[in-house]
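Report on one structure; see the data block that follows.
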Amino acid sequence: MSDTLPTQPGAASRIKARYWIETAFPLADAAFIMAGEQSTGTFVRTPGETDELRARYAARVEKIVELGAVDAPSLSGSGLPRKHTGPVIRRAAEVTLSWPLENMGPSLPNLLATVAGNLFELKPFSGLKLLDIELPTEFLSVYQGPQFAVEGTRQLTGVYGRPLIGTILKPSVGMSPEQTAAQVRMLAEAGVDFIKDDELQADGPHCPFDQRIPQVLRVLNEYADHTGKRPMYAANITGEIDQMQRRHDLVAAAGGTCVMVSLNSVGLPGMVALRRHASLAIHGHRNGWGIFGRSHAIGMSFIAYQKLWRLAGIDHVHVNGLRNKFCEEDASVIASARECLTPMFAPPYKGCTIMPVFSSGQSARQAPDTYKALGSLDLIYACGGGILAHPAGPAAGVRSLHQAWQAAVDGIPLAQYASTHTELRGALEAFPD
């Protein structure tokens, strides 16, 4: 993962976290409360909290940027300073705190307890959200990070110079192993590069994992033997740690190249254990992400969230898509995808980048805007209806996506390109803005 690294946290190594806050307290006081709560302090000074201890272990307030007054509290239950009189004036700000790494060592679970622990319940705040984190390179001495990421995924699929065109098996649940394998065969023959289980289908009694996986991978192995092309299939192995490891091994033994895990379901230690065991690419699904990201006033930004999972070892992660069916705005989607492709650590350490996965209501329509905004072809572009609901069939749906991305790269308007490309024309007619 990296060059020579320190094995013990040095005194100079610090973790930084940037927050958005909203409070009726003076901003400096509010920031001091945050720093104390998450390091050496409590609500009163205790005898053991010596000046020497505080100098070494207390969190520091690195920066406060006032953003202005707010009209009303974003969250209920917030309090006021003691002996407060006069009108209540609430302010928003960005606050950056830092901690010495030796407080918790290079440990993701304990990092999370530090930067995203009891802060969210503190009464002085009517809003508090973690925006970003910066980690020292000592974390690379403990965590492996992604094994395949962008380059390895391209090698496994043989797809270069364009996005991977992907899709999701639908209906999410209800199909038998035989029906699932038949749909995979149809999608492979249509030219799809990447196929994934839905997050709702792991090991249901109507479609047991131990029956589904051999049948699906037999289809893909036969297709590869005939064509030389092997679509990547992300088999949902989400479960207990021992279950995930056993399912991973079943996928590997059957010739698979990728497994999928629901991140919020298995937690960071579960993912770390899987990564240490894994020889296959790990596709990270962020289902449940809205708990952390939907509110502006509480939770965690995706920028911070994905850094934790990158270190834990995922190779791909979902970032939503432009003009999606969910509540996320396009600018947020693009910022998330850019961050996945941005190195976490400066040279000489390796970048620890991962492949962003665009999905949710995507079709040929969004390709030019996605390329223009992201400025990269390193992504998985996952379309369900955009492939399966094409009026000329799934193969035409896949071709329409290739054509849309080629038009985007060449800078040719979709309507113009569609005038000489039947499949793209059919997609634009079938999937209007």
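Identifiers for the structure tokens are assigned positionally: chains receive A, B, ... in sequence, residues are indexed from 1 per chain, and ligands are indexed from 1 in the order shown.
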Exercise. Give me the residues within 9 Å of Ile213 (chain A) as a list in words, counting only C-alpha atoms and dropping any in the same chain fewer than 5 places off.
Key: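 Here the answer would be Pro177, Ala181, Pro208, Arg218, Ala235, Leu250, Val251, Ala254 and Gly256 of chain A.
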Practice problem: Measuring atom to atom with only C-alpha atoms, identify which of A:Ala182, A:Ala346, A:Leu388, A:Cys383 is nearest to Asn324 (chain A). | Solution: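 Ranking A:Ala182, A:Ala346, A:Leu388, A:Cys383 by distance to Asn324 (chain A), first place goes to A:Cys383.
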Self-check item: All residues 10 Å or closer to Asp198 (chain A), only C-alpha atoms, same chain fewer than 4 positions away omitted, as a list in words
Solution: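 What passes the distance filter is Thr167, Ile168, Leu169, Lys170, Pro171, Ser172, Val173, Ala202, Ala234, Ala235, Asn236, Met260 and His285 of chain A.
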Write out as a compact mmCIF listing (two decimals) with N, CA and C atoms, in the first residue's frame the residues lying within 10 Å of Leu187 (chain A), counting only C-alpha atoms and excluding same-chain residues fewer than 3 positions away.
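Contents of the output file part.txt:
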# COMPACT_ATOMS: atom_id res chain seq x y z
N GLY A 166 -22.52 -0.62 -16.20
CA GLY A 166 -23.01 -1.61 -15.24
C GLY A 166 -24.50 -1.58 -15.08
N THR A 167 -24.99 -2.58 -14.35
CA THR A 167 -26.41 -2.65 -14.04
C THR A 167 -26.63 -3.45 -12.78
N ILE A 168 -27.87 -3.46 -12.31
CA ILE A 168 -28.25 -4.11 -11.07
C ILE A 168 -29.31 -5.16 -11.38
N LEU A 169 -29.18 -6.32 -10.77
CA LEU A 169 -30.16 -7.37 -10.98
C LEU A 169 -31.51 -6.96 -10.39
N ALA A 181 -29.52 -16.44 -12.74
CA ALA A 181 -28.49 -16.81 -13.71
C ALA A 181 -28.93 -16.50 -15.13
N ALA A 182 -30.22 -16.71 -15.43
CA ALA A 182 -30.73 -16.42 -16.76
C ALA A 182 -30.64 -14.92 -17.06
N GLN A 183 -30.94 -14.08 -16.05
CA GLN A 183 -30.83 -12.64 -16.27
C GLN A 183 -29.38 -12.22 -16.45
N VAL A 184 -28.48 -12.83 -15.70
CA VAL A 184 -27.06 -12.53 -15.86
C VAL A 184 -26.59 -12.90 -17.26
N ALA A 190 -25.75 -8.91 -23.66
CA ALA A 190 -26.07 -7.54 -24.08
C ALA A 190 -24.83 -6.65 -24.08
N GLY A 191 -23.74 -7.10 -23.46
CA GLY A 191 -22.50 -6.34 -23.49
C GLY A 191 -22.19 -5.56 -22.23
N VAL A 192 -22.87 -5.85 -21.12
CA VAL A 192 -22.62 -5.15 -19.86
C VAL A 192 -21.25 -5.52 -19.31
N ASP A 193 -20.56 -4.55 -18.71
CA ASP A 193 -19.24 -4.78 -18.11
C ASP A 193 -19.33 -5.20 -16.65
N PHE A 194 -20.37 -4.75 -15.96
CA PHE A 194 -20.45 -4.91 -14.50
C PHE A 194 -21.89 -5.22 -14.12
N ILE A 195 -22.08 -6.25 -13.31
CA ILE A 195 -23.41 -6.65 -12.84
C ILE A 195 -23.33 -6.83 -11.34
N PRO A 231 -17.61 -10.18 -17.75
CA PRO A 231 -18.19 -9.12 -16.94
C PRO A 231 -17.91 -9.36 -15.46
N ILE A 387 -30.87 0.50 -19.33
CA ILE A 387 -30.49 -0.63 -20.17
C ILE A 387 -31.69 -1.53 -20.45
N LEU A 388 -32.32 -1.99 -19.38
CA LEU A 388 -33.37 -3.01 -19.53
C LEU A 388 -34.64 -2.47 -20.19
N PRO A 394 -32.10 -4.79 -24.23
CA PRO A 394 -30.93 -4.48 -23.39
C PRO A 394 -29.65 -4.23 -24.18
N ALA A 395 -29.40 -5.00 -25.25
CA ALA A 395 -28.17 -4.78 -26.01
C ALA A 395 -28.15 -3.38 -26.62
N VAL A 398 -27.28 -0.94 -23.86
CA VAL A 398 -25.84 -0.85 -23.61
C VAL A 398 -25.17 -0.03 -24.71
Exercise. Please return as a list of chain:residue names: the residues of region 296-400 of chain A that backbone DSSP assigns to strand (DSSP E).
Key: A:Ile298, A:Gly299, A:Met300, A:His316, A:Val317, A:His318, A:Val319, A:Asn320, A:Met355, A:Pro356, A:Val357, A:Phe358, A:Ile380, A:Tyr381, A:Ala382
For those residues, write C-alpha atoms to a file as a JSON list (two decimals), in the first residue's frame.
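Ended up saving to selection19.json:
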[["chain", "number", "residue", "atom", "x", "y", "z"],
["A", 298, "ILE", "CA", -26.30, 16.76, 11.75],
["A", 299, "GLY", "CA", -24.37, 13.71, 10.66],
["A", 300, "MET", "CA", -21.36, 13.34, 8.41],
["A", 316, "HIS", "CA", -15.65, 0.89, -5.38],
["A", 317, "VAL", "CA", -18.34, 2.96, -3.67],
["A", 318, "HIS", "CA", -21.71, 4.36, -4.72],
["A", 319, "VAL", "CA", -21.97, 8.14, -5.08],
["A", 320, "ASN", "CA", -25.53, 8.43, -6.48],
["A", 355, "MET", "CA", -13.75, 3.84, -8.24],
["A", 356, "PRO", "CA", -16.95, 5.95, -7.88],
["A", 357, "VAL", "CA", -20.18, 4.22, -8.90],
["A", 358, "PHE", "CA", -22.89, 6.37, -10.47],
["A", 380, "ILE", "CA", -18.83, 2.65, -13.07],
["A", 381, "TYR", "CA", -21.98, 3.94, -14.76],
["A", 382, "ALA", "CA", -24.75, 1.69, -13.48]]
Quiz item: Contacts of Gly288 (chain A) at 12 Å or less, counting only C-alpha atoms, minus same-chain residues fewer than 4 places along, as an NGL selection string?
Solution: :A and (199-200 or 262-266 or 292-294 or 318)
Could those residues be written to a file, using N, CA and C atoms, as a short mmCIF file (atom, residue, chain, number, x, y, z; two decimals), in the first residue's frame?
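Result went into again24.cif, see below:
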data_model
loop_
_atom_site.label_atom_id
_atom_site.label_comp_id
_atom_site.auth_asym_id
_atom_site.auth_seq_id
_atom_site.Cartn_x
_atom_site.Cartn_y
_atom_site.Cartn_z
N GLU A 199 -28.73 -4.82 -3.06
CA GLU A 199 -28.35 -4.93 -1.65
C GLU A 199 -29.36 -5.71 -0.81
N LEU A 200 -30.60 -5.84 -1.33
CA LEU A 200 -31.63 -6.57 -0.59
C LEU A 200 -31.53 -8.08 -0.79
N SER A 262 -22.69 -4.34 2.06
CA SER A 262 -23.41 -3.17 2.55
C SER A 262 -22.63 -2.59 3.72
N LEU A 263 -22.01 -1.43 3.50
CA LEU A 263 -21.04 -0.89 4.45
C LEU A 263 -21.64 -0.64 5.82
N ASN A 264 -22.76 0.05 5.86
CA ASN A 264 -23.34 0.42 7.15
C ASN A 264 -23.85 -0.78 7.93
N SER A 265 -24.07 -1.89 7.25
CA SER A 265 -24.56 -3.09 7.91
C SER A 265 -23.45 -3.85 8.61
N VAL A 266 -22.24 -3.86 8.03
CA VAL A 266 -21.17 -4.68 8.59
C VAL A 266 -20.20 -3.88 9.45
N PHE A 292 -26.74 9.57 7.62
CA PHE A 292 -25.59 10.42 7.91
C PHE A 292 -25.62 11.72 7.10
N GLY A 293 -26.10 11.64 5.86
CA GLY A 293 -25.86 12.73 4.94
C GLY A 293 -27.03 13.63 4.61
N ARG A 294 -28.28 13.19 4.88
CA ARG A 294 -29.40 13.94 4.34
C ARG A 294 -29.60 15.30 4.99
N HIS A 318 -20.62 3.64 -4.07
CA HIS A 318 -21.71 4.36 -4.72
C HIS A 318 -21.68 5.83 -4.33
#
Per DSSP on the backbone, filter region 231-418 of chain A down to the residues in alpha helix (DSSP H) and report them as a short mmCIF file (atom, residue, chain, number, x, y, z; two decimals) with N, CA and C atoms, in the first residue's frame.
data_model
loop_
_atom_site.label_atom_id
_atom_site.label_comp_id
_atom_site.auth_asym_id
_atom_site.auth_seq_id
_atom_site.Cartn_x
_atom_site.Cartn_y
_atom_site.Cartn_z
N ILE A 241 -19.09 -11.78 10.05
CA ILE A 241 -17.73 -11.82 9.51
C ILE A 241 -17.39 -13.20 8.97
N ASP A 242 -17.69 -14.26 9.72
CA ASP A 242 -17.36 -15.60 9.24
C ASP A 242 -18.17 -15.96 8.00
N GLN A 243 -19.42 -15.49 7.93
CA GLN A 243 -20.23 -15.73 6.73
C GLN A 243 -19.62 -15.02 5.52
N MET A 244 -19.20 -13.77 5.69
CA MET A 244 -18.64 -13.02 4.58
C MET A 244 -17.36 -13.69 4.07
N GLN A 245 -16.52 -14.14 4.98
CA GLN A 245 -15.29 -14.79 4.56
C GLN A 245 -15.58 -16.09 3.80
N ARG A 246 -16.54 -16.86 4.30
CA ARG A 246 -16.87 -18.11 3.61
C ARG A 246 -17.49 -17.82 2.25
N ARG A 247 -18.38 -16.85 2.18
CA ARG A 247 -19.01 -16.51 0.90
C ARG A 247 -17.99 -15.96 -0.08
N HIS A 248 -17.08 -15.14 0.41
CA HIS A 248 -15.99 -14.65 -0.45
C HIS A 248 -15.25 -15.82 -1.08
N ASP A 249 -14.92 -16.82 -0.27
CA ASP A 249 -14.15 -17.97 -0.77
C ASP A 249 -14.95 -18.79 -1.77
N LEU A 250 -16.26 -18.86 -1.59
CA LEU A 250 -17.10 -19.57 -2.55
C LEU A 250 -17.08 -18.84 -3.89
N VAL A 251 -17.18 -17.50 -3.86
CA VAL A 251 -17.12 -16.71 -5.09
C VAL A 251 -15.78 -16.91 -5.79
N ALA A 252 -14.69 -16.85 -5.02
CA ALA A 252 -13.36 -17.00 -5.60
C ALA A 252 -13.19 -18.39 -6.22
N ALA A 253 -13.65 -19.42 -5.53
CA ALA A 253 -13.50 -20.79 -6.03
C ALA A 253 -14.29 -21.01 -7.31
N LEU A 263 -22.01 -1.43 3.50
CA LEU A 263 -21.04 -0.89 4.45
C LEU A 263 -21.64 -0.64 5.82
N ASN A 264 -22.76 0.05 5.86
CA ASN A 264 -23.34 0.42 7.15
C ASN A 264 -23.85 -0.78 7.93
N SER A 265 -24.07 -1.89 7.25
CA SER A 265 -24.56 -3.09 7.91
C SER A 265 -23.45 -3.85 8.61
N VAL A 266 -22.24 -3.86 8.03
CA VAL A 266 -21.17 -4.68 8.59
C VAL A 266 -20.20 -3.88 9.45
N GLY A 267 -20.15 -2.56 9.33
CA GLY A 267 -19.29 -1.74 10.15
C GLY A 267 -17.83 -1.80 9.73
N LEU A 268 -17.06 -0.85 10.25
CA LEU A 268 -15.65 -0.76 9.89
C LEU A 268 -14.85 -2.00 10.27
N PRO A 269 -14.98 -2.53 11.50
CA PRO A 269 -14.20 -3.73 11.82
C PRO A 269 -14.56 -4.93 10.94
N GLY A 270 -15.84 -5.06 10.57
CA GLY A 270 -16.23 -6.13 9.67
C GLY A 270 -15.57 -5.98 8.31
N MET A 271 -15.52 -4.76 7.80
CA MET A 271 -14.88 -4.53 6.51
C MET A 271 -13.38 -4.77 6.58
N VAL A 272 -12.75 -4.33 7.65
CA VAL A 272 -11.31 -4.54 7.80
C VAL A 272 -11.00 -6.04 7.83
N ALA A 273 -11.80 -6.80 8.55
CA ALA A 273 -11.58 -8.25 8.61
C ALA A 273 -11.74 -8.88 7.23
N LEU A 274 -12.75 -8.45 6.48
CA LEU A 274 -12.94 -8.98 5.13
C LEU A 274 -11.77 -8.61 4.23
N ARG A 275 -11.33 -7.36 4.29
CA ARG A 275 -10.22 -6.93 3.43
C ARG A 275 -8.95 -7.73 3.71
N ARG A 276 -8.69 -8.03 4.98
CA ARG A 276 -7.50 -8.81 5.31
C ARG A 276 -7.59 -10.24 4.78
N HIS A 277 -8.80 -10.69 4.57
CA HIS A 277 -9.04 -12.05 4.07
C HIS A 277 -9.13 -12.10 2.55
N GLY A 290 -28.34 7.95 3.87
CA GLY A 290 -29.14 9.13 4.19
C GLY A 290 -29.18 9.44 5.68
N ILE A 291 -29.01 8.43 6.53
CA ILE A 291 -28.96 8.66 7.98
C ILE A 291 -27.86 9.66 8.31
N PHE A 292 -26.74 9.57 7.62
CA PHE A 292 -25.59 10.42 7.91
C PHE A 292 -25.62 11.72 7.10
N GLY A 293 -26.10 11.64 5.86
CA GLY A 293 -25.86 12.73 4.94
C GLY A 293 -27.03 13.63 4.61
N PHE A 302 -20.23 12.94 3.01
CA PHE A 302 -19.66 11.81 2.30
C PHE A 302 -18.15 11.95 2.16
N ILE A 303 -17.66 13.17 2.11
CA ILE A 303 -16.22 13.41 1.97
C ILE A 303 -15.48 12.74 3.12
N ALA A 304 -15.98 12.92 4.34
CA ALA A 304 -15.36 12.29 5.50
C ALA A 304 -15.65 10.79 5.54
N TYR A 305 -16.88 10.43 5.27
CA TYR A 305 -17.34 9.04 5.37
C TYR A 305 -16.52 8.11 4.49
N GLN A 306 -16.32 8.49 3.22
CA GLN A 306 -15.67 7.57 2.30
C GLN A 306 -14.18 7.38 2.62
N LYS A 307 -13.57 8.33 3.31
CA LYS A 307 -12.17 8.15 3.68
C LYS A 307 -12.00 6.99 4.66
N LEU A 308 -12.95 6.85 5.58
CA LEU A 308 -12.89 5.74 6.53
C LEU A 308 -12.96 4.40 5.81
N TRP A 309 -13.88 4.30 4.85
CA TRP A 309 -14.08 3.04 4.14
C TRP A 309 -12.97 2.78 3.14
N ARG A 310 -12.38 3.82 2.60
CA ARG A 310 -11.21 3.63 1.73
C ARG A 310 -10.09 2.93 2.49
N LEU A 311 -9.78 3.45 3.67
CA LEU A 311 -8.72 2.83 4.46
C LEU A 311 -9.09 1.41 4.86
N ALA A 312 -10.38 1.19 5.15
CA ALA A 312 -10.83 -0.15 5.54
C ALA A 312 -10.67 -1.15 4.40
N ASP A 330 -26.97 17.50 -7.54
CA ASP A 330 -25.92 17.11 -8.48
C ASP A 330 -24.53 17.55 -8.01
N ALA A 331 -24.42 18.74 -7.47
CA ALA A 331 -23.11 19.23 -7.04
C ALA A 331 -22.51 18.34 -5.96
N SER A 332 -23.36 17.83 -5.07
CA SER A 332 -22.89 16.93 -4.03
C SER A 332 -22.42 15.61 -4.61
N VAL A 333 -23.15 15.10 -5.59
CA VAL A 333 -22.77 13.84 -6.25
C VAL A 333 -21.39 13.96 -6.88
N ILE A 334 -21.17 15.03 -7.61
CA ILE A 334 -19.89 15.22 -8.29
C ILE A 334 -18.76 15.43 -7.29
N ALA A 335 -19.03 16.19 -6.23
CA ALA A 335 -18.00 16.38 -5.21
C ALA A 335 -17.60 15.05 -4.58
N SER A 336 -18.58 14.18 -4.36
CA SER A 336 -18.30 12.86 -3.79
C SER A 336 -17.43 12.04 -4.73
N ALA A 337 -17.80 12.03 -6.01
CA ALA A 337 -17.04 11.24 -6.98
C ALA A 337 -15.62 11.76 -7.13
N ARG A 338 -15.47 13.08 -7.18
CA ARG A 338 -14.13 13.66 -7.29
C ARG A 338 -13.26 13.24 -6.10
N GLU A 339 -13.88 13.24 -4.92
CA GLU A 339 -13.11 12.90 -3.73
C GLU A 339 -12.64 11.46 -3.76
N CYS A 340 -13.45 10.56 -4.30
CA CYS A 340 -13.04 9.15 -4.42
C CYS A 340 -11.79 9.01 -5.28
N ALA A 367 -24.99 11.17 -19.36
CA ALA A 367 -23.57 10.93 -19.63
C ALA A 367 -22.78 12.21 -19.93
N PRO A 368 -23.24 13.09 -20.83
CA PRO A 368 -22.43 14.29 -21.12
C PRO A 368 -22.24 15.19 -19.91
N ASP A 369 -23.29 15.38 -19.13
CA ASP A 369 -23.16 16.25 -17.96
C ASP A 369 -22.26 15.63 -16.90
N THR A 370 -22.33 14.30 -16.77
CA THR A 370 -21.47 13.61 -15.82
C THR A 370 -20.01 13.78 -16.20
N TYR A 371 -19.71 13.58 -17.49
CA TYR A 371 -18.32 13.71 -17.94
C TYR A 371 -17.83 15.15 -17.82
N LYS A 372 -18.66 16.10 -18.19
CA LYS A 372 -18.27 17.50 -18.11
C LYS A 372 -17.98 17.92 -16.68
N ALA A 373 -18.80 17.45 -15.75
CA ALA A 373 -18.64 17.86 -14.35
C ALA A 373 -17.50 17.12 -13.66
N LEU A 374 -17.35 15.82 -13.96
CA LEU A 374 -16.33 15.02 -13.28
C LEU A 374 -14.97 15.16 -13.94
N GLY A 385 -33.05 0.69 -15.57
CA GLY A 385 -34.00 0.95 -16.65
C GLY A 385 -33.34 1.50 -17.89
N GLY A 386 -32.23 2.23 -17.73
CA GLY A 386 -31.53 2.79 -18.87
C GLY A 386 -30.99 1.73 -19.82
N ILE A 387 -30.87 0.50 -19.33
CA ILE A 387 -30.49 -0.63 -20.17
C ILE A 387 -31.69 -1.53 -20.45
N LEU A 388 -32.32 -1.99 -19.38
CA LEU A 388 -33.37 -3.01 -19.53
C LEU A 388 -34.64 -2.47 -20.19
N PRO A 394 -32.10 -4.79 -24.23
CA PRO A 394 -30.93 -4.48 -23.39
C PRO A 394 -29.65 -4.23 -24.18
N ALA A 395 -29.40 -5.00 -25.25
CA ALA A 395 -28.17 -4.78 -26.01
C ALA A 395 -28.15 -3.38 -26.62
N ALA A 396 -29.31 -2.94 -27.10
CA ALA A 396 -29.40 -1.58 -27.63
C ALA A 396 -29.22 -0.56 -26.50
N GLY A 397 -29.71 -0.89 -25.31
CA GLY A 397 -29.51 -0.01 -24.17
C GLY A 397 -28.04 0.17 -23.84
N VAL A 398 -27.28 -0.94 -23.86
CA VAL A 398 -25.84 -0.85 -23.61
C VAL A 398 -25.17 -0.03 -24.71
N ARG A 399 -25.51 -0.29 -25.97
CA ARG A 399 -24.89 0.46 -27.07
C ARG A 399 -25.22 1.95 -26.98
N SER A 400 -26.45 2.28 -26.53
CA SER A 400 -26.81 3.70 -26.39
C SER A 400 -25.92 4.39 -25.37
N LEU A 401 -25.52 3.67 -24.33
CA LEU A 401 -24.65 4.25 -23.30
C LEU A 401 -23.24 4.45 -23.83
N HIS A 402 -22.73 3.48 -24.59
CA HIS A 402 -21.43 3.66 -25.23
C HIS A 402 -21.45 4.88 -26.15
N GLN A 403 -22.52 5.00 -26.89
CA GLN A 403 -22.63 6.13 -27.83
C GLN A 403 -22.73 7.45 -27.09
N ALA A 404 -23.47 7.47 -25.99
CA ALA A 404 -23.62 8.71 -25.23
C ALA A 404 -22.28 9.15 -24.64
N TRP A 405 -21.51 8.20 -24.12
CA TRP A 405 -20.22 8.55 -23.55
C TRP A 405 -19.23 8.96 -24.63
N GLN A 406 -19.31 8.34 -25.81
CA GLN A 406 -18.43 8.75 -26.90
C GLN A 406 -18.77 10.17 -27.35
N ALA A 407 -20.05 10.47 -27.42
CA ALA A 407 -20.46 11.82 -27.77
C ALA A 407 -19.95 12.82 -26.74
N ALA A 408 -20.02 12.43 -25.47
CA ALA A 408 -19.54 13.32 -24.41
C ALA A 408 -18.05 13.60 -24.56
N VAL A 409 -17.28 12.55 -24.79
CA VAL A 409 -15.83 12.72 -24.93
C VAL A 409 -15.49 13.55 -26.17
N ASP A 410 -16.23 13.35 -27.25
CA ASP A 410 -15.97 14.08 -28.49
C ASP A 410 -16.55 15.49 -28.49
N LEU A 414 -25.78 15.43 -27.71
CA LEU A 414 -26.44 14.12 -27.81
C LEU A 414 -27.40 14.06 -28.98
N ALA A 415 -28.20 15.09 -29.16
CA ALA A 415 -29.19 15.07 -30.24
C ALA A 415 -28.51 14.95 -31.60
N GLN A 416 -27.39 15.64 -31.75
CA GLN A 416 -26.66 15.55 -33.02
C GLN A 416 -26.08 14.15 -33.22
N TYR A 417 -25.48 13.60 -32.18
CA TYR A 417 -24.89 12.27 -32.28
C TYR A 417 -25.97 11.22 -32.53
N ALA A 418 -27.14 11.44 -31.92
CA ALA A 418 -28.24 10.48 -32.07
C ALA A 418 -28.78 10.44 -33.50
#
Quiz item: Taking only C-alpha atoms into account, which of A:Trp99, A:Trp289, A:Phe120, A:Tyr57 comes nearest Glu22 (chain A)?
Solution: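 Among the listed residues, the smallest separation from Glu22 (chain A) belongs to A:Phe120.
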Self-check item: Shortest interatomic distance to Leu379 (chain A) - which of A:Glu134, A:Asp433, A:Asp197, A:Glu151, counting only C-alpha atoms
Solution: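 For Leu379 (chain A), the nearest of the given residues is A:Glu151.
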Quiz prompt | Gln147 (chain A) surroundings by only C-alpha atoms, 9 Å radius, close-in-sequence under 3 positions cut, as an MDAnalysis selection string | solution = chainID A and resid 1 144 152 275 278:282 313:315
Quiz item: Of the residues A:Phe148, A:Ala69, A:Ala392, A:Arg365, which is the one nearest to Leu428 (chain A), using only C-alpha atoms?
Solution: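 The shortest atom-to-atom distance to Leu428 (chain A) comes from A:Arg365.
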Practice problem: With a distance cut-off of 10 Å and only C-alpha atoms, select the neighbouring residues of Gln211 (chain A), excluding the residue or stretch itself and same-chain residues fewer than 3 positions from it, and output the selection as a ChimeraX atom specification. | Solution: /A:176-178,203,207-208,214-216
Write a file of the selected residues as an mmCIF file, in the first residue's frame, keeping C-alpha atoms.
data_model
loop_
_atom_site.group_PDB
_atom_site.id
_atom_site.type_symbol
_atom_site.label_atom_id
_atom_site.label_comp_id
_atom_site.auth_asym_id
_atom_site.auth_seq_id
_atom_site.Cartn_x
_atom_site.Cartn_y
_atom_site.Cartn_z
ATOM 1 C CA SER A 176 -34.749 -18.019 -7.982
ATOM 2 C CA PRO A 177 -31.099 -18.942 -8.564
ATOM 3 C CA GLU A 178 -32.052 -20.181 -12.029
ATOM 4 C CA ASP A 203 -29.009 -15.184 1.131
ATOM 5 C CA CYS A 207 -32.493 -17.590 -3.634
ATOM 6 C CA PRO A 208 -29.840 -19.165 -1.378
ATOM 7 C CA PRO A 214 -22.355 -21.295 -8.702
ATOM 8 C CA GLN A 215 -25.118 -20.903 -11.291
ATOM 9 C CA VAL A 216 -24.358 -17.243 -11.998
#
Quiz item: Between A:Val261, A:Gln38, A:Leu80, A:Asp210, which is the closest to Arg286 (chain A) once you count only C-alpha atoms?
Solution: A:Val261
